[in-house]
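What follows is the content of input30.pdb, which has PDB, C-alpha atoms:
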```pdb
MODEL        1
ATOM      1  CA  VAL U  71     125.240  81.641  93.707  1.00  0.00           C
ATOM      2  CA  GLN U  72     123.052  80.591  96.599  1.00  0.00           C
ATOM      3  CA  LEU U  73     121.013  83.140  98.517  1.00  0.00           C
ATOM      4  CA  GLN U  74     119.482  82.471 101.915  1.00  0.00           C
ATOM      5  CA  ALA U  75     116.960  84.992 103.191  1.00  0.00           C
ATOM      6  CA  SER U  76     115.952  85.149 106.832  1.00  0.00           C
ATOM      7  CA  GLY U  77     114.307  87.405 109.344  1.00  0.00           C
ATOM      8  CA  GLY U  78     110.701  87.252 108.262  1.00  0.00           C
ATOM      9  CA  GLY U  79     107.845  86.618 110.631  1.00  0.00           C
ATOM     10  CA  LEU U  80     104.636  87.949 112.080  1.00  0.00           C
ATOM     11  CA  VAL U  81     104.646  91.571 113.180  1.00  0.00           C
ATOM     12  CA  GLN U  82     101.956  94.016 114.209  1.00  0.00           C
ATOM     13  CA  PRO U  83     101.187  97.090 112.110  1.00  0.00           C
ATOM     14  CA  GLY U  84     103.719  99.793 112.870  1.00  0.00           C
ATOM     15  CA  GLY U  85     106.341  97.248 113.812  1.00  0.00           C
ATOM     16  CA  SER U  86     109.761  96.518 112.357  1.00  0.00           C
ATOM     17  CA  LEU U  87     111.687  93.583 110.986  1.00  0.00           C
ATOM     18  CA  ARG U  88     115.220  93.228 109.754  1.00  0.00           C
ATOM     19  CA  LEU U  89     115.600  90.879 106.835  1.00  0.00           C
ATOM     20  CA  SER U  90     118.970  89.430 105.970  1.00  0.00           C
ATOM     21  CA  CYS U  91     120.284  87.701 102.875  1.00  0.00           C
ATOM     22  CA  ALA U  92     123.432  85.614 103.037  1.00  0.00           C
ATOM     23  CA  ALA U  93     125.134  84.823  99.745  1.00  0.00           C
ATOM     24  CA  SER U  94     127.432  81.894  99.115  1.00  0.00           C
ATOM     25  CA  GLY U  95     129.266  80.647  96.085  1.00  0.00           C
ATOM     26  CA  SER U  96     130.232  84.106  94.898  1.00  0.00           C
ATOM     27  CA  SER U  97     131.198  87.440  96.379  1.00  0.00           C
ATOM     28  CA  ILE U  98     128.559  90.139  96.355  1.00  0.00           C
ATOM     29  CA  SER U  99     131.175  92.868  96.093  1.00  0.00           C
ATOM     30  CA  SER U 100     130.792  93.084  92.312  1.00  0.00           C
ATOM     31  CA  ALA U 101     127.055  92.604  92.230  1.00  0.00           C
ATOM     32  CA  ARG U 102     123.913  94.636  92.419  1.00  0.00           C
ATOM     33  CA  MET U 103     121.827  93.256  95.250  1.00  0.00           C
ATOM     34  CA  GLY U 104     118.145  93.704  95.753  1.00  0.00           C
ATOM     35  CA  TRP U 105     115.022  92.805  97.631  1.00  0.00           C
ATOM     36  CA  TYR U 106     111.759  92.076  95.874  1.00  0.00           C
ATOM     37  CA  ARG U 107     108.431  90.950  97.227  1.00  0.00           C
ATOM     38  CA  GLN U 108     105.403  89.064  96.037  1.00  0.00           C
ATOM     39  CA  ALA U 109     102.049  89.153  97.722  1.00  0.00           C
ATOM     40  CA  PRO U 110      99.395  86.491  97.079  1.00  0.00           C
ATOM     41  CA  GLY U 111      97.781  87.013  93.694  1.00  0.00           C
ATOM     42  CA  LYS U 112     100.144  89.828  92.764  1.00  0.00           C
ATOM     43  CA  GLN U 113     103.244  90.171  90.635  1.00  0.00           C
ATOM     44  CA  ARG U 114     106.683  90.326  92.129  1.00  0.00           C
ATOM     45  CA  GLU U 115     107.740  93.933  92.692  1.00  0.00           C
ATOM     46  CA  LEU U 116     110.917  95.781  93.515  1.00  0.00           C
ATOM     47  CA  VAL U 117     111.421  96.768  97.136  1.00  0.00           C
ATOM     48  CA  ALA U 118     115.008  98.032  97.150  1.00  0.00           C
ATOM     49  CA  LEU U 119     118.275  97.840  95.247  1.00  0.00           C
ATOM     50  CA  ILE U 120     121.843  98.574  96.207  1.00  0.00           C
ATOM     51  CA  THR U 121     124.640  98.733  93.672  1.00  0.00           C
ATOM     52  CA  SER U 122     128.208  97.602  94.194  1.00  0.00           C
ATOM     53  CA  SER U 123     129.149 101.250  94.758  1.00  0.00           C
ATOM     54  CA  GLY U 124     126.470 101.670  97.396  1.00  0.00           C
ATOM     55  CA  SER U 125     123.837 103.600  95.475  1.00  0.00           C
ATOM     56  CA  THR U 126     120.297 102.718  96.465  1.00  0.00           C
ATOM     57  CA  ALA U 127     116.853 102.787  94.933  1.00  0.00           C
ATOM     58  CA  TYR U 128     113.456 101.956  96.399  1.00  0.00           C
ATOM     59  CA  GLY U 129     109.988 101.122  95.269  1.00  0.00           C
ATOM     60  CA  ASP U 130     107.566 104.043  95.396  1.00  0.00           C
ATOM     61  CA  PHE U 131     105.561 102.446  98.176  1.00  0.00           C
ATOM     62  CA  VAL U 132     108.562 102.403 100.545  1.00  0.00           C
ATOM     63  CA  LYS U 133     108.368 106.155 101.253  1.00  0.00           C
ATOM     64  CA  GLY U 134     111.330 106.212 103.619  1.00  0.00           C
ATOM     65  CA  ARG U 135     110.229 103.256 105.713  1.00  0.00           C
ATOM     66  CA  PHE U 136     112.831 100.712 104.549  1.00  0.00           C
ATOM     67  CA  THR U 137     116.611 100.830 104.316  1.00  0.00           C
ATOM     68  CA  ILE U 138     118.803  98.469 102.320  1.00  0.00           C
ATOM     69  CA  SER U 139     122.429  97.934 103.265  1.00  0.00           C
ATOM     70  CA  ARG U 140     125.249  95.625 102.324  1.00  0.00           C
ATOM     71  CA  ASP U 141     128.269  94.150 104.052  1.00  0.00           C
ATOM     72  CA  ASN U 142     130.697  92.877 101.455  1.00  0.00           C
ATOM     73  CA  ALA U 143     132.995  91.394 104.076  1.00  0.00           C
ATOM     74  CA  LYS U 144     130.177  89.236 105.435  1.00  0.00           C
ATOM     75  CA  ASN U 145     128.656  88.706 101.973  1.00  0.00           C
ATOM     76  CA  THR U 146     125.274  89.817 103.218  1.00  0.00           C
ATOM     77  CA  VAL U 147     122.615  92.352 102.327  1.00  0.00           C
ATOM     78  CA  ASP U 148     120.005  93.495 104.827  1.00  0.00           C
ATOM     79  CA  LEU U 149     116.654  95.209 104.595  1.00  0.00           C
ATOM     80  CA  GLN U 150     115.511  97.151 107.637  1.00  0.00           C
ATOM     81  CA  THR U 151     111.743  97.532 107.492  1.00  0.00           C
ATOM     82  CA  ASN U 152     109.963 100.008 109.745  1.00  0.00           C
ATOM     83  CA  SER U 153     106.399 101.264 110.111  1.00  0.00           C
ATOM     84  CA  LEU U 154     105.096  98.100 108.552  1.00  0.00           C
ATOM     85  CA  LYS U 155     101.591  98.011 107.159  1.00  0.00           C
ATOM     86  CA  PRO U 156      99.273  95.086 106.440  1.00  0.00           C
ATOM     87  CA  GLU U 157      99.830  95.698 102.725  1.00  0.00           C
ATOM     88  CA  ASP U 158     103.523  94.924 103.243  1.00  0.00           C
ATOM     89  CA  THR U 159     102.578  91.301 103.813  1.00  0.00           C
ATOM     90  CA  ALA U 160     104.411  89.247 101.195  1.00  0.00           C
ATOM     91  CA  VAL U 161     107.222  86.838 100.580  1.00  0.00           C
ATOM     92  CA  TYR U 162     110.428  88.848 100.351  1.00  0.00           C
ATOM     93  CA  TYR U 163     113.096  87.608  97.975  1.00  0.00           C
ATOM     94  CA  CYS U 164     116.773  88.413  97.767  1.00  0.00           C
ATOM     95  CA  ASN U 165     118.230  89.041  94.321  1.00  0.00           C
ATOM     96  CA  TYR U 166     121.798  88.957  92.994  1.00  0.00           C
ATOM     97  CA  ARG U 167     122.929  90.304  89.638  1.00  0.00           C
ATOM     98  CA  ARG U 168     126.624  90.439  88.885  1.00  0.00           C
ATOM     99  CA  ASN U 169     127.788  93.676  87.279  1.00  0.00           C
ATOM    100  CA  GLY U 170     127.637  93.503  83.493  1.00  0.00           C
ATOM    101  CA  VAL U 171     125.849  90.140  83.436  1.00  0.00           C
ATOM    102  CA  ASN U 172     122.077  90.102  83.033  1.00  0.00           C
ATOM    103  CA  ILE U 173     121.510  86.916  84.954  1.00  0.00           C
ATOM    104  CA  ASP U 174     119.449  87.017  88.131  1.00  0.00           C
ATOM    105  CA  TYR U 175     119.823  84.693  91.067  1.00  0.00           C
ATOM    106  CA  TRP U 176     117.044  84.376  93.602  1.00  0.00           C
ATOM    107  CA  GLY U 177     116.754  83.016  97.082  1.00  0.00           C
ATOM    108  CA  LYS U 178     113.754  81.089  98.349  1.00  0.00           C
ATOM    109  CA  GLY U 179     112.264  84.034 100.145  1.00  0.00           C
ATOM    110  CA  THR U 180     111.170  84.848 103.654  1.00  0.00           C
ATOM    111  CA  LEU U 181     107.555  85.491 104.609  1.00  0.00           C
ATOM    112  CA  VAL U 182     106.596  88.764 106.267  1.00  0.00           C
ATOM    113  CA  THR U 183     103.117  88.930 107.713  1.00  0.00           C
ATOM    114  CA  VAL U 184     101.855  92.216 109.105  1.00  0.00           C
ATOM    115  CA  SER U 185      98.717  91.694 111.129  1.00  0.00           C
ATOM    116  CA  SER U 186      97.193  92.541 114.463  1.00  0.00           C
TER     117      SER U 186
ENDMDL
END
```

Once you've parsed the file, please lay out its structure as structure tokens.
Amino acid sequence: VQLQASGGGLVQPGGSLRLSCAASGSSISSARMGWYRQAPGKQRELVALITSSGSTAYGDFVKGRFTISRDNAKNTVDLQTNSLKPEDTAVYYCNYRRNGVNIDYWGKGTLVTVSS
């Protein structure tokens, strides 16, 4: 499975970005998809998950600001980020885990920088 994340960039505090992850090599329809992030000097942390049935979960810090969605037909998963804060600055990684198989696939990540 190959995952290509895109959509990162420089945004001012309070702004929005839409991150997208395109999967190839396998369908995402039977996989749990997720977004994680890693800031400099910090551990990678969960941002959002979406199961194959569409259930979602978010990191505590999200507090309603982000929304994860999936399009099985396009084999993509998106993360809409709103009300961005400087502390959201990180490399955001897409994650794929096929149902019933505890093997994670990761993309290379896309950098989000929130700064004025």

Could you spell out the hits of the PyMOL selection byres ((chain U and resi 142) around 8) on the shown file, as a ChimeraX atom specification? /U:97-99,140-141,143-146

When you look at Leu181 of chain U with a cut-off of 6 Å (counting all atoms listed in the file), what residues show up, excluding the ones that are within fewer than 2 positions of it in the same chain? I need them as a PyMOL selection string. chain U and resi 78+160-161

Please provide as a tab-separated table (two decimals) with C-alpha atoms, in the frame of the given file all residues within 7 Å of Ser94 of chain U, with the sequence filter that same-chain residues fewer than 6 positions apart are discarded (counting all atoms listed in the file).
```
chain	number	residue	atom	x	y	z
U	71	VAL	CA	125.24	81.64	93.71
U	72	GLN	CA	123.05	80.59	96.60
U	73	LEU	CA	121.01	83.14	98.52
```

Which of these, U:Ser186, U:Thr121, U:Ser96, U:Asn172, has the shortest distance to Pro156 of chain U once you count only C-alpha atoms? U:Ser186

One number please: atom CA of Val184 of chain U to atom CA of Pro83 of chain U, in Å, one decimal.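 Result for atom CA of Val184 of chain U versus atom CA of Pro83 of chain U: 5.8 Å, one decimal.
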
Translate the PyMOL selection byres ((chain U and resi 131) around 12) into a concrete residue list for this structure, as a list in words.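 Checking the PyMOL selection byres ((chain U and resi 131) around 12) against this file, the residues are Arg107, Glu115, Leu116, Val117, Ala118, Ala127, Tyr128, Gly129, Asp130, Val132, Lys133, Gly134, Arg135, Phe136, Leu154, Lys155, Glu157 and Asp158 of chain U.
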
Quick one: distance from atom CA of Tyr163 of chain U to atom CA of Gly111 of chain U in Å, one decimal?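 Rounded to one decimal, the two atoms are 15.9 Å apart.
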
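Omitting Ser86 of chain U and its sequence neighbours fewer than 4 positions away, and counting all atoms listed in the file, the residues within 9 Å are Val81, Gln82, Gln150, Thr151, Asn152, Ser153 and Leu154 of chain U.
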
Excluding Thr180 of chain U and any residue of its chain fewer than 3 positions from it, enumerate the residues within 10 Å of it, using only C-alpha atoms, and give them as a VMD selection string. chain U and resid 74 to 79 89 to 91 107 160 to 164 177 183

Just the number, please: distance in Å from atom CA of Ala109 of chain U to atom CA of Arg167 of chain U, one decimal.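 Calculated distance between atom CA of Ala109 of chain U and atom CA of Arg167 of chain U is 22.4 Å.
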